[in-house]
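Next comes start-v1.cif, with mmCIF, C-alpha atoms.
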data_target
loop_
_atom_site.label_atom_id
_atom_site.label_comp_id
_atom_site.auth_asym_id
_atom_site.auth_seq_id
_atom_site.Cartn_x
_atom_site.Cartn_y
_atom_site.Cartn_z
CA MET A 29 -29.13 -82.31 -150.87
CA ASP A 30 -31.00 -79.93 -148.58
CA THR A 31 -30.97 -76.31 -149.60
CA THR A 32 -33.52 -75.29 -146.96
CA ALA A 33 -30.70 -74.26 -144.61
CA LEU A 34 -29.57 -71.63 -147.10
CA GLU A 35 -30.62 -68.04 -147.48
CA GLY A 36 -33.12 -67.17 -150.15
CA ARG A 37 -36.69 -66.61 -151.09
CA ARG A 38 -39.34 -68.84 -149.61
CA PHE A 39 -42.45 -69.97 -151.47
CA GLU A 40 -44.66 -67.87 -149.22
CA ASP A 41 -42.73 -64.73 -150.24
CA VAL A 42 -43.81 -65.05 -153.87
CA THR A 43 -46.58 -63.07 -155.52
CA VAL A 44 -47.91 -64.02 -158.92
CA GLY A 45 -47.23 -61.13 -161.30
CA GLU A 46 -44.22 -59.78 -159.44
CA GLU A 47 -41.32 -58.75 -161.63
CA LEU A 48 -37.85 -60.13 -161.15
CA PRO A 49 -34.93 -57.72 -161.03
CA GLY A 50 -33.73 -57.63 -164.61
CA ALA A 51 -30.15 -57.77 -165.76
CA ASP A 52 -28.54 -55.92 -168.65
CA TYR A 53 -25.75 -57.37 -170.75
CA PRO A 54 -23.84 -54.97 -172.98
CA LEU A 55 -22.66 -57.27 -175.77
CA THR A 56 -19.12 -56.43 -176.77
CA VAL A 57 -16.64 -58.43 -178.81
CA TYR A 58 -14.62 -58.83 -175.65
CA ARG A 59 -17.54 -60.30 -173.75
CA LEU A 60 -18.55 -62.70 -176.52
CA VAL A 61 -14.98 -63.95 -176.85
CA MET A 62 -14.85 -64.53 -173.10
CA ALA A 63 -18.16 -66.36 -173.29
CA ALA A 64 -17.01 -68.60 -176.13
CA GLY A 65 -13.84 -69.50 -174.26
CA ALA A 66 -15.76 -70.21 -171.09
CA ASN A 67 -18.68 -72.19 -172.44
CA ARG A 68 -16.76 -73.77 -175.32
CA ASP A 69 -19.18 -72.84 -178.09
CA PHE A 70 -16.51 -71.88 -180.59
CA ASN A 71 -18.83 -71.60 -183.58
CA SER A 72 -17.36 -68.63 -185.48
CA ILE A 73 -20.77 -66.96 -185.73
CA HIS A 74 -20.26 -65.98 -182.10
CA HIS A 75 -16.87 -64.28 -182.34
CA ASN A 76 -16.21 -63.41 -185.98
CA THR A 77 -18.24 -60.69 -187.67
CA GLU A 78 -17.05 -61.53 -191.17
CA TYR A 79 -17.92 -65.19 -190.76
CA ALA A 80 -21.27 -64.44 -189.13
CA ARG A 81 -22.24 -62.22 -192.07
CA LYS A 82 -21.39 -64.98 -194.51
CA THR A 83 -23.96 -67.13 -192.74
CA GLY A 84 -26.69 -64.52 -193.16
CA ALA A 85 -26.53 -62.88 -189.73
CA PRO A 86 -26.10 -59.10 -189.46
CA GLU A 87 -23.22 -59.42 -186.97
CA MET A 88 -21.59 -61.85 -184.59
CA TYR A 89 -24.05 -62.76 -181.87
CA ALA A 90 -24.29 -64.24 -178.38
CA ASN A 91 -24.33 -68.02 -178.15
CA THR A 92 -27.03 -70.23 -176.68
CA GLN A 93 -25.03 -71.12 -173.59
CA PHE A 94 -24.50 -67.48 -172.70
CA LEU A 95 -28.19 -66.70 -173.12
CA LEU A 96 -29.26 -69.71 -171.09
CA GLY A 97 -26.82 -68.67 -168.40
CA ALA A 98 -28.31 -65.20 -168.43
CA TRP A 99 -31.74 -66.68 -167.75
CA GLU A 100 -30.31 -68.76 -164.90
CA ARG A 101 -28.57 -65.74 -163.38
CA CYS A 102 -31.77 -63.68 -163.50
CA VAL A 103 -33.68 -66.40 -161.67
CA ARG A 104 -30.88 -67.08 -159.18
CA ASP A 105 -30.45 -63.38 -158.39
CA TRP A 106 -34.13 -63.31 -157.48
CA MET A 107 -34.57 -66.59 -155.61
CA GLY A 108 -31.27 -66.74 -153.75
CA LEU A 109 -29.37 -69.86 -152.76
CA ALA A 110 -32.19 -72.04 -151.47
CA GLY A 111 -34.18 -72.41 -154.67
CA GLN A 112 -33.64 -75.17 -157.21
CA ILE A 113 -34.26 -75.03 -160.92
CA ARG A 114 -36.46 -77.87 -162.14
CA ALA A 115 -36.98 -77.09 -165.81
CA ILE A 116 -36.46 -74.61 -168.60
CA ARG A 117 -39.04 -74.50 -171.37
CA GLY A 118 -39.69 -72.28 -174.34
CA PHE A 119 -36.12 -71.07 -174.75
CA ARG A 120 -36.63 -70.14 -178.38
CA MET A 121 -34.39 -67.89 -180.43
CA ARG A 122 -36.41 -65.25 -182.27
CA SER A 123 -33.65 -63.02 -183.49
CA PHE A 124 -29.92 -62.56 -183.06
CA ASN A 125 -28.47 -60.94 -179.94
CA VAL A 126 -25.82 -59.10 -181.87
CA VAL A 127 -22.66 -57.44 -180.66
CA GLY A 128 -22.91 -53.67 -180.24
CA ASP A 129 -26.32 -53.84 -178.57
CA THR A 130 -27.44 -54.44 -175.00
CA MET A 131 -29.32 -57.62 -174.24
CA ARG A 132 -31.71 -57.44 -171.31
CA VAL A 133 -33.27 -60.31 -169.39
CA ARG A 134 -36.71 -59.69 -167.95
CA GLY A 135 -38.91 -62.04 -165.97
CA GLU A 136 -42.05 -62.17 -163.89
CA VAL A 137 -43.79 -64.76 -161.76
CA LYS A 138 -46.38 -66.49 -163.87
CA ASP A 139 -47.64 -69.15 -161.48
CA ALA A 140 -47.05 -70.41 -157.94
CA ARG A 141 -48.49 -73.67 -156.68
CA ILE A 142 -47.97 -76.55 -154.29
CA ASP A 143 -47.35 -79.72 -156.25
CA GLU A 144 -48.60 -83.20 -155.42
CA GLU A 145 -45.51 -83.83 -153.30
CA GLY A 146 -46.03 -80.71 -151.24
CA ARG A 147 -43.26 -78.66 -152.87
CA GLY A 148 -43.55 -74.97 -153.64
CA VAL A 149 -43.30 -74.70 -157.41
CA VAL A 150 -42.97 -71.32 -159.11
CA GLU A 151 -43.07 -70.68 -162.85
CA ILE A 152 -41.22 -67.64 -164.08
CA ALA A 153 -41.98 -66.22 -167.51
CA ILE A 154 -38.70 -64.95 -168.86
CA ARG A 155 -37.31 -63.44 -172.03
CA CYS A 156 -34.34 -61.68 -173.61
CA GLU A 157 -34.78 -58.34 -175.32
CA ASN A 158 -32.58 -55.94 -177.20
CA SER A 159 -33.19 -52.68 -179.04
CA GLY A 160 -35.26 -54.59 -181.60
CA GLY A 161 -37.62 -56.26 -179.12
CA VAL A 162 -37.86 -59.79 -177.77
CA THR A 163 -34.98 -61.96 -178.99
CA VAL A 164 -35.36 -65.15 -176.95
CA GLY A 165 -38.54 -66.61 -175.51
CA PRO A 166 -40.69 -65.78 -173.74
CA GLY A 167 -40.12 -69.08 -172.02
CA VAL A 168 -40.52 -70.49 -168.57
CA VAL A 169 -38.07 -71.39 -165.83
CA GLU A 170 -39.68 -73.67 -163.28
CA VAL A 171 -38.17 -73.56 -159.80
CA VAL A 172 -38.81 -75.18 -156.45
CA LEU A 173 -38.61 -72.90 -153.44
CA PRO A 174 -38.50 -74.10 -149.83
CA ARG A 175 -41.63 -73.50 -147.80
CA ARG A 176 -41.55 -71.76 -144.45
CA GLY A 177 -41.35 -74.34 -141.70
CA GLU A 178 -39.34 -76.80 -143.76
CA GLU A 179 -36.12 -75.65 -142.09
CA ASP A 180 -37.62 -76.34 -138.65
CA ALA A 181 -38.89 -79.72 -139.77
CA CYS A 182 -35.42 -80.60 -141.08
CA GLU A 183 -33.73 -79.50 -137.86
CA GLU A 184 -36.18 -81.47 -135.75
CA GLY A 185 -35.70 -84.52 -137.91
CA ALA A 186 -31.91 -84.23 -137.83
CA MET B 22 -28.63 -88.91 -206.53
CA SER B 23 -25.14 -87.96 -207.69
CA ALA B 24 -23.80 -84.46 -207.24
CA GLN B 25 -23.80 -83.93 -211.02
CA ALA B 26 -27.36 -85.12 -211.43
CA SER B 27 -28.38 -82.90 -208.57
CA THR B 28 -26.78 -79.88 -210.20
CA LYS B 29 -28.50 -80.55 -213.54
CA ASN B 30 -31.85 -81.01 -211.85
CA LYS B 31 -31.54 -77.66 -210.14
CA ALA B 32 -31.98 -75.87 -213.46
CA ALA B 33 -35.47 -77.28 -213.89
CA ALA B 34 -36.25 -77.56 -210.24
CA GLY B 35 -39.40 -76.17 -208.69
CA PRO B 36 -39.21 -73.68 -205.84
CA ASP B 37 -39.54 -76.36 -203.16
CA ASP B 38 -37.48 -79.12 -204.78
CA TRP B 39 -34.56 -78.41 -202.45
CA LYS B 40 -36.70 -79.83 -199.67
CA ALA B 41 -36.49 -83.26 -201.28
CA GLU B 42 -32.84 -83.43 -200.24
CA TRP B 43 -34.02 -83.34 -196.65
CA GLN B 44 -36.48 -86.20 -197.09
CA PRO B 45 -34.04 -88.87 -195.84
CA VAL B 46 -33.67 -86.85 -192.64
CA VAL B 47 -37.43 -86.39 -192.32
CA ASP B 48 -37.78 -90.14 -192.77
CA ALA B 49 -35.20 -90.72 -190.03
CA VAL B 50 -37.29 -89.03 -187.32
CA GLY B 51 -37.29 -91.38 -184.34
CA ARG B 52 -33.79 -92.72 -185.04
CA ASP B 53 -31.09 -92.54 -182.38
CA PHE B 54 -28.00 -91.24 -184.19
CA SER B 55 -25.75 -91.93 -181.20
CA ASP B 56 -25.64 -95.66 -181.97
CA GLY B 57 -25.70 -96.26 -178.23
CA GLU B 58 -22.53 -94.32 -177.55
CA THR B 59 -22.37 -91.76 -174.74
CA VAL B 60 -20.44 -88.61 -175.67
CA TRP B 61 -18.49 -87.58 -172.60
CA GLY B 62 -17.47 -84.05 -171.76
CA ALA B 63 -13.80 -83.32 -172.31
CA ASP B 64 -13.18 -82.80 -168.61
CA ALA B 65 -14.82 -83.41 -165.30
CA VAL B 66 -16.66 -80.44 -163.88
CA GLU B 67 -14.14 -78.43 -161.88
CA ARG B 68 -13.99 -75.18 -159.93
CA GLY B 69 -11.83 -73.22 -162.36
CA ALA B 70 -14.01 -73.97 -165.35
CA ILE B 71 -17.11 -73.04 -163.35
CA ARG B 72 -15.50 -69.73 -162.42
CA ARG B 73 -14.74 -69.00 -166.06
CA TYR B 74 -18.33 -69.90 -167.02
CA LEU B 75 -19.61 -67.34 -164.50
CA GLU B 76 -17.30 -64.48 -165.52
CA PRO B 77 -18.86 -63.20 -168.77
CA LEU B 78 -22.29 -63.55 -167.15
CA GLU B 79 -21.25 -61.68 -163.99
CA PHE B 80 -23.15 -64.48 -162.30
CA ASP B 81 -22.68 -64.24 -158.54
CA CYS B 82 -23.92 -67.33 -156.72
CA ALA B 83 -21.99 -68.84 -153.83
CA LEU B 84 -23.20 -72.36 -154.61
CA HIS B 85 -20.91 -72.19 -157.64
CA THR B 86 -17.94 -70.48 -156.01
CA ASP B 87 -17.85 -71.23 -152.29
CA PRO B 88 -17.37 -74.87 -151.26
CA GLN B 89 -18.47 -74.12 -147.68
CA VAL B 90 -21.81 -72.77 -148.83
CA ALA B 91 -22.24 -75.72 -151.16
CA ARG B 92 -21.50 -78.11 -148.31
CA ARG B 93 -24.13 -76.41 -146.15
CA ALA B 94 -26.58 -77.47 -148.83
CA GLY B 95 -25.33 -81.03 -148.68
CA PHE B 96 -23.13 -81.02 -151.78
CA ALA B 97 -19.61 -82.44 -151.72
CA ASP B 98 -18.27 -79.36 -153.55
CA VAL B 99 -19.46 -76.36 -155.54
CA THR B 100 -22.15 -77.07 -158.09
CA MET B 101 -22.10 -76.51 -161.81
CA PRO B 102 -24.61 -73.86 -162.95
CA TYR B 103 -27.66 -75.77 -164.18
CA THR B 104 -27.29 -74.32 -167.65
CA GLY B 105 -23.73 -75.64 -168.02
CA LEU B 106 -24.99 -79.02 -169.21
CA MET B 107 -24.06 -78.50 -172.84
CA SER B 108 -20.66 -76.99 -172.11
CA TRP B 109 -19.63 -79.86 -169.87
CA THR B 110 -20.83 -82.53 -172.27
CA LEU B 111 -18.85 -81.23 -175.24
CA PRO B 112 -16.04 -83.56 -176.26
CA PRO B 113 -12.51 -82.18 -176.61
CA MET B 114 -11.81 -80.04 -179.65
CA TRP B 115 -8.40 -81.68 -180.05
CA ARG B 116 -6.79 -84.97 -179.06
CA PRO B 117 -3.06 -85.80 -179.02
CA GLY B 118 -1.86 -86.73 -182.47
CA GLU B 119 -4.62 -84.91 -184.31
CA THR B 120 -4.43 -81.87 -186.55
CA LEU B 121 -7.11 -79.34 -185.71
CA PHE B 122 -6.04 -76.36 -187.84
CA ASP B 123 -4.91 -77.04 -191.39
CA SER B 124 -5.36 -73.67 -193.10
CA ASP B 125 -4.19 -70.12 -192.52
CA ASP B 126 -7.21 -68.66 -194.27
CA ARG B 127 -8.56 -65.97 -191.96
CA ASP B 128 -11.93 -67.60 -191.45
CA ALA B 129 -10.90 -71.23 -191.90
CA GLN B 130 -12.74 -73.60 -189.65
CA PRO B 131 -11.13 -76.29 -187.52
CA VAL B 132 -10.91 -79.73 -189.07
CA ARG B 133 -13.44 -80.99 -186.56
CA SER B 134 -15.95 -79.43 -184.19
CA ALA B 135 -18.81 -80.83 -182.16
CA ILE B 136 -20.83 -77.66 -182.72
CA ASN B 137 -22.05 -77.93 -186.28
CA ASN B 138 -23.88 -80.41 -188.45
CA GLN B 139 -20.71 -82.18 -189.65
CA ASP B 140 -21.45 -85.51 -188.05
CA MET B 141 -24.88 -85.87 -189.65
CA PRO B 142 -24.51 -88.96 -191.86
CA ILE B 143 -27.52 -88.23 -194.06
CA GLY B 144 -29.11 -85.23 -195.71
CA PRO B 145 -27.64 -82.31 -197.63
CA LYS B 146 -24.34 -80.69 -196.80
CA THR B 147 -24.79 -77.53 -194.76
CA THR B 148 -22.36 -74.85 -193.65
CA GLY B 149 -24.63 -72.69 -191.50
CA PHE B 150 -25.69 -73.92 -188.09
CA PHE B 151 -27.12 -72.50 -184.89
CA GLY B 152 -29.21 -73.49 -181.90
CA THR B 153 -32.85 -72.45 -182.02
CA ASP B 154 -34.54 -73.69 -178.88
CA ILE B 155 -33.95 -75.73 -175.77
CA GLU B 156 -36.01 -77.52 -173.17
CA VAL B 157 -34.41 -79.12 -170.13
CA ASP B 158 -35.67 -81.08 -167.15
CA PHE B 159 -33.14 -80.99 -164.35
CA LEU B 160 -33.21 -83.96 -161.98
CA ARG B 161 -30.41 -82.74 -159.72
CA PRO B 162 -27.44 -80.34 -159.74
CA VAL B 163 -24.07 -81.58 -160.98
CA VAL B 164 -21.19 -81.24 -158.51
CA ALA B 165 -17.55 -80.40 -159.16
CA GLY B 166 -15.63 -83.62 -159.55
CA GLU B 167 -18.37 -85.35 -161.53
CA ARG B 168 -18.05 -86.01 -165.22
CA ILE B 169 -21.11 -85.93 -167.39
CA GLY B 170 -21.97 -87.08 -170.87
CA ARG B 171 -24.74 -86.97 -173.40
CA ARG B 172 -26.44 -90.33 -173.87
CA GLY B 173 -28.62 -90.82 -176.91
CA ARG B 174 -29.17 -88.45 -179.78
CA ARG B 175 -32.65 -89.14 -180.99
CA LEU B 176 -34.02 -87.07 -183.83
CA VAL B 177 -37.55 -86.14 -182.83
CA SER B 178 -38.42 -83.75 -185.62
CA CYS B 179 -37.10 -82.38 -188.91
CA VAL B 180 -38.84 -79.56 -190.75
CA PRO B 181 -37.20 -78.19 -193.92
CA LYS B 182 -37.71 -74.47 -194.16
CA GLU B 183 -36.29 -71.47 -195.97
CA THR B 184 -35.55 -68.56 -193.64
CA SER B 185 -34.01 -65.13 -193.99
CA VAL B 186 -30.52 -66.64 -193.66
CA GLY B 187 -30.82 -69.57 -196.05
CA ARG B 188 -32.36 -72.95 -196.87
CA GLY B 189 -32.16 -75.76 -194.40
CA ALA B 190 -34.05 -77.66 -191.77
CA PHE B 191 -35.09 -77.22 -188.18
CA MET B 192 -34.22 -80.37 -186.27
CA THR B 193 -34.93 -81.33 -182.68
CA TRP B 194 -32.71 -83.76 -180.78
CA GLU B 195 -33.38 -85.54 -177.51
CA SER B 196 -30.73 -86.78 -175.08
CA GLU B 197 -30.16 -87.74 -171.49
CA ILE B 198 -27.35 -86.20 -169.47
CA VAL B 199 -25.69 -88.89 -167.38
CA THR B 200 -22.86 -89.27 -164.89
CA THR B 201 -20.13 -91.87 -165.23
CA PHE B 202 -22.24 -94.03 -162.89
CA GLY B 203 -25.08 -93.94 -165.38
CA GLU B 204 -27.27 -91.70 -163.26
CA VAL B 205 -29.53 -89.45 -165.32
CA VAL B 206 -29.17 -85.87 -164.05
CA ALA B 207 -31.13 -84.11 -166.80
CA ARG B 208 -33.12 -84.65 -169.95
CA ILE B 209 -32.62 -82.21 -172.77
CA ARG B 210 -34.22 -81.35 -176.10
CA ILE B 211 -32.16 -79.17 -178.38
CA GLY B 212 -33.45 -77.52 -181.52
CA THR B 213 -31.02 -76.63 -184.29
CA TYR B 214 -31.19 -75.03 -187.70
CA ALA B 215 -28.70 -76.43 -190.22
CA TYR B 216 -28.69 -74.57 -193.51
CA VAL B 217 -26.97 -73.42 -196.65
CA PRO B 218 -26.50 -69.66 -196.29
CA LYS B 219 -28.05 -67.57 -199.07
CA ASN B 220 -24.71 -66.14 -200.11
CA ASP B 221 -22.88 -69.44 -199.87
CA VAL B 222 -21.34 -70.66 -203.12
CA PRO B 223 -22.37 -74.30 -203.47
CA ASP B 224 -19.58 -76.78 -204.12
CA ASN B 225 -20.05 -79.85 -206.27
CA ASP B 226 -20.70 -82.14 -203.35
CA ASP B 227 -24.33 -81.96 -202.42
CA ARG B 228 -24.23 -84.72 -199.92
CA LYS B 229 -22.03 -85.85 -197.13
CA GLY B 230 -19.94 -88.89 -197.73
#
Take the structure in this file and express it as structure tokens.
Amino acid sequence: MDTTALEGRRFEDVTVGEELPGADYPLTVYRLVMAAGANRDFNSIHHNTEYARKTGAPEMYANTQFLLGAWERCVRDWMGLAGQIRAIRGFRMRSFNVVGDTMRVRGEVKDARIDEEGRGVVEIAIRCENSGGVTVGPGVVEVVLPRRGEEDACEEGA
Amino acid sequence: MSAQASTKNKAAAGPDDWKAEWQPVVDAVGRDFSDGETVWGADAVERGAIRRYLEPLEFDCALHTDPQVARRAGFADVTMPYTGLMSWTLPPMWRPGETLFDSDDRDAQPVRSAINNQDMPIGPKTTGFFGTDIEVDFLRPVVAGERIGRRGRRLVSCVPKETSVGRGAFMTWESEIVTTFGEVVARIRIGTYAYVPKNDVPDNDDRKG
């Protein structure tokens, strides 16, 4: 695997504190049903209002897979094809992302460093919000971005 | 404790006595509930399922949709989104010969589902269940054509707690995600909350069989 040939953000392009382009997710019944079918989390709390209310939730709400995917998309939209995700930490549900609201993913660069193996590691602080405030996180997505010059080194070594 | 004894004791129970039902689970912290079995995803990772995963997210990344781009990165085919680990390690909902739906009650649940606390052999019976937190270390992307499974299901914590939705316990589970060749592609910790909803009418079976 060598993603350095692909387009995308390089480690040197990153500034600690910079905000990632956010993404908004209007949560409709339609969307949550699509999500359940696609990610196979068929727990009725995610597609059945009546059932969700019986379990103590105010409404049906987005499932974990969808929310994790929303974090991944936010990071991928920002870093492009060349970056690799190394870890997700602190993905913690604080409140329900209920249908009939818009869930927003927001992130910013928390740290950027060269690790002991010479890789450009970036930590992104990331969270989900809705009209009631933060719903998931804030957590961290740790990514590895190629460093400028790596492409040349790879081509020379090829 | 029998179900009847449990019911009688509830009348004189203190406010935190319900937590005692969780003690066997608390005591089981450290145990691997998988009994060494790897739970394989129902299907290999494949392009169509990846496309469907992306749709509700409006997730536009050519590594997941364009084999040529994926090959430029050295992959044999498109890659699964990193966060698809849980989806692609879920076992099938139904197998030939089985009955999955046995009631026409509007909100009846399937006979069996991997996403609940049904397969927990100890502790109180619960009907509410949701994921609470996740930590994942990704060792490499998974490529279309590979099949992955969840190896190990070690309970690393259990904390009984009453919340706004009911009484239950927060549990954390640790697993490895492996390919059919036994290669570990990720390590995952999943937190869950299994509970009895506040408005749930208790039946006379306090404990799973």
**Message:** Between atom CA of Val164 of chain B and atom CA of Thr92 of chain A, what distance in Å does the model show, to one decimal?
**Reply:** 22.0 Å
**Message:** Please compute the atom CA of Gly146 of chain A-atom CA of Arg37 of chain A distance, one decimal, in Å.
**Reply:**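 Taking atom CA of Gly146 of chain A and atom CA of Arg37 of chain A, their separation equals 16.9 Å.
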Expansion of the PyMOL selection byres ((chain A) within 8 of (chain B)) into residues, as a CSV table (one decimal) with C-alpha atoms, keeping the file's coordinate frame:
chain,number,residue,atom,x,y,z
A,29,MET,CA,-29.1,-82.3,-150.9
A,30,ASP,CA,-31.0,-79.9,-148.6
A,31,THR,CA,-31.0,-76.3,-149.6
A,32,THR,CA,-33.5,-75.3,-147.0
A,33,ALA,CA,-30.7,-74.3,-144.6
A,34,LEU,CA,-29.6,-71.6,-147.1
A,53,TYR,CA,-25.8,-57.4,-170.8
A,59,ARG,CA,-17.5,-60.3,-173.8
A,60,LEU,CA,-18.6,-62.7,-176.5
A,62,MET,CA,-14.8,-64.5,-173.1
A,63,ALA,CA,-18.2,-66.4,-173.3
A,66,ALA,CA,-15.8,-70.2,-171.1
A,67,ASN,CA,-18.7,-72.2,-172.4
A,68,ARG,CA,-16.8,-73.8,-175.3
A,69,ASP,CA,-19.2,-72.8,-178.1
A,70,PHE,CA,-16.5,-71.9,-180.6
A,71,ASN,CA,-18.8,-71.6,-183.6
A,72,SER,CA,-17.4,-68.6,-185.5
A,78,GLU,CA,-17.0,-61.5,-191.2
A,79,TYR,CA,-17.9,-65.2,-190.8
A,82,LYS,CA,-21.4,-65.0,-194.5
A,83,THR,CA,-24.0,-67.1,-192.7
A,84,GLY,CA,-26.7,-64.5,-193.2
A,85,ALA,CA,-26.5,-62.9,-189.7
A,92,THR,CA,-27.0,-70.2,-176.7
A,93,GLN,CA,-25.0,-71.1,-173.6
A,94,PHE,CA,-24.5,-67.5,-172.7
A,96,LEU,CA,-29.3,-69.7,-171.1
A,97,GLY,CA,-26.8,-68.7,-168.4
A,98,ALA,CA,-28.3,-65.2,-168.4
A,100,GLU,CA,-30.3,-68.8,-164.9
A,101,ARG,CA,-28.6,-65.7,-163.4
A,104,ARG,CA,-30.9,-67.1,-159.2
A,105,ASP,CA,-30.4,-63.4,-158.4
A,108,GLY,CA,-31.3,-66.7,-153.8
A,109,LEU,CA,-29.4,-69.9,-152.8
A,113,ILE,CA,-34.3,-75.0,-160.9
A,114,ARG,CA,-36.5,-77.9,-162.1
A,115,ALA,CA,-37.0,-77.1,-165.8
A,116,ILE,CA,-36.5,-74.6,-168.6
A,117,ARG,CA,-39.0,-74.5,-171.4
A,118,GLY,CA,-39.7,-72.3,-174.3
A,119,PHE,CA,-36.1,-71.1,-174.8
A,120,ARG,CA,-36.6,-70.1,-178.4
A,121,MET,CA,-34.4,-67.9,-180.4
**Asked** What is the distance between atom CA of Val132 of chain B and atom CA of Asp53 of chain B, in Å to one decimal?
**Response**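 Between atom CA of Val132 of chain B and atom CA of Asp53 of chain B the gap is 24.8 Å.
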**Message:** Given the PyMOL selection byres ((chain A and resi 56) around 8) and the file above, list the residues it selects as a list in words.
**Reply:**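 So the PyMOL selection byres ((chain A and resi 56) around 8), applied here, picks out Pro54, Leu55, Val57, Tyr58, Arg59, Leu60, Val127, Gly128 and Asp129 of chain A.
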**Message:** My list of candidates is B:Pro45, B:Gly51, B:Gly203, B:Pro36. Which is closest to Val177 of chain B when distances are computed with all atoms listed in the file?
**Reply:**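 Selected residue with least distance to Val177 of chain B: B:Gly51.
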**Nearby residues (all atoms listed in the file) at most 10 Å from Thr120 of chain B, same-chain spacing under 3 positions excluded, as a list in words** =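 In the requested form, the answer reads Trp115, Arg116, Pro117, Asp123, Pro131, Val132 and Arg133 of chain B.
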**Request:** Have a look at A:Pro174, A:Pro166, A:Gly45, A:Gly65 and name the one nearest to Asn91 of chain A; count all atoms listed in the file.
**Result:**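 Ranking A:Pro174, A:Pro166, A:Gly45, A:Gly65 by distance to Asn91 of chain A, first place goes to A:Gly65.
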**Asked** Closest to Ala190 of chain B among B:Ala215, B:Val206, B:Ile169, B:Met141, using only C-alpha atoms?
**Response**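 Result for the nearest residue to Ala190 of chain B: B:Ala215.
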**Asked** Contacts of Thr77 of chain A at 7 Å or less, counting all atoms listed in the file, minus same-chain residues fewer than 2 places along, as a PyMOL selection string?
**Response** chain A and resi 75+79-81+87-88
Report as a PDB file with C-alpha atoms, keeping the file's coordinate frame the residues that result from applying the PyMOL selection byres ((chain A and resi 51) around 6) to the structure here.
ATOM      1  CA  GLY A  50     -33.730 -57.630-164.610  1.00  0.00           C
ATOM      2  CA  ASP A  52     -28.540 -55.920-168.650  1.00  0.00           C
ATOM      3  CA  ARG A 132     -31.710 -57.440-171.310  1.00  0.00           C
ATOM      4  CA  VAL A 133     -33.270 -60.310-169.390  1.00  0.00           C
TER       5      VAL A 133
END
**Request:** Can you pull out every residue within 10 Å of Asp56 of chain B, counting only C-alpha atoms, but drop anything in the same chain fewer than 6 positions away, and send it as a count of residues only?
**Result:** 4
**Item:** Closest of A:Leu48, A:Cys102, A:Met107, A:Leu173 to Asp143 of chain A - atom-to-atom distances counting all atoms listed in the file
**Value:**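 Between A:Leu48, A:Cys102, A:Met107, A:Leu173, the residue approaching Asp143 of chain A most closely is A:Leu173.
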**Shell of 10 Å around Ala140 of chain A, all atoms listed in the file, local chain residues under 2 positions omitted, as a list of chain:residue names** =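 Surrounding residues, per the criterion: A:Phe39, A:Glu40, A:Val42, A:Thr43, A:Val44, A:Gly45, A:Val137, A:Lys138, A:Ile142, A:Asp143, A:Gly148, A:Val149, A:Val150, A:Glu151, A:Ile152, A:Glu170, A:Val171, A:Val172, A:Leu173.
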Selection file, C-alpha atoms, as a compact mmCIF listing (two decimals), in the coordinates of the input:
# COMPACT_ATOMS: atom_id res chain seq x y z
CA PHE A 39 -42.45 -69.97 -151.47
CA GLU A 40 -44.66 -67.87 -149.22
CA VAL A 42 -43.81 -65.05 -153.87
CA THR A 43 -46.58 -63.07 -155.52
CA VAL A 44 -47.91 -64.02 -158.92
CA GLY A 45 -47.23 -61.13 -161.30
CA VAL A 137 -43.79 -64.76 -161.76
CA LYS A 138 -46.38 -66.49 -163.87
CA ILE A 142 -47.97 -76.55 -154.29
CA ASP A 143 -47.35 -79.72 -156.25
CA GLY A 148 -43.55 -74.97 -153.64
CA VAL A 149 -43.30 -74.70 -157.41
CA VAL A 150 -42.97 -71.32 -159.11
CA GLU A 151 -43.07 -70.68 -162.85
CA ILE A 152 -41.22 -67.64 -164.08
CA GLU A 170 -39.68 -73.67 -163.28
CA VAL A 171 -38.17 -73.56 -159.80
CA VAL A 172 -38.81 -75.18 -156.45
CA LEU A 173 -38.61 -72.90 -153.44
Generate N, CA and C atoms for segment 140-147 of chain A and emit them as a short mmCIF file (atom, residue, chain, number, x, y, z; two decimals), in the frame of the given file.
data_model
loop_
_atom_site.label_atom_id
_atom_site.label_comp_id
_atom_site.auth_asym_id
_atom_site.auth_seq_id
_atom_site.Cartn_x
_atom_site.Cartn_y
_atom_site.Cartn_z
N ALA A 140 -47.64 -69.86 -159.17
CA ALA A 140 -47.05 -70.41 -157.94
C ALA A 140 -48.05 -71.42 -157.39
N ARG A 141 -47.57 -72.62 -157.12
CA ARG A 141 -48.49 -73.67 -156.68
C ARG A 141 -47.76 -74.68 -155.81
N ILE A 142 -48.52 -75.42 -155.05
CA ILE A 142 -47.97 -76.55 -154.29
C ILE A 142 -48.21 -77.79 -155.12
N ASP A 143 -47.15 -78.54 -155.41
CA ASP A 143 -47.35 -79.72 -156.25
C ASP A 143 -47.82 -80.92 -155.42
N GLU A 144 -48.02 -82.04 -156.08
CA GLU A 144 -48.60 -83.20 -155.42
C GLU A 144 -47.70 -83.76 -154.31
N GLU A 145 -46.42 -83.37 -154.36
CA GLU A 145 -45.51 -83.83 -153.30
C GLU A 145 -45.28 -82.77 -152.23
N GLY A 146 -46.09 -81.73 -152.29
CA GLY A 146 -46.03 -80.71 -151.24
C GLY A 146 -44.94 -79.67 -151.44
N ARG A 147 -44.34 -79.63 -152.61
CA ARG A 147 -43.26 -78.66 -152.87
C ARG A 147 -43.82 -77.36 -153.44
#
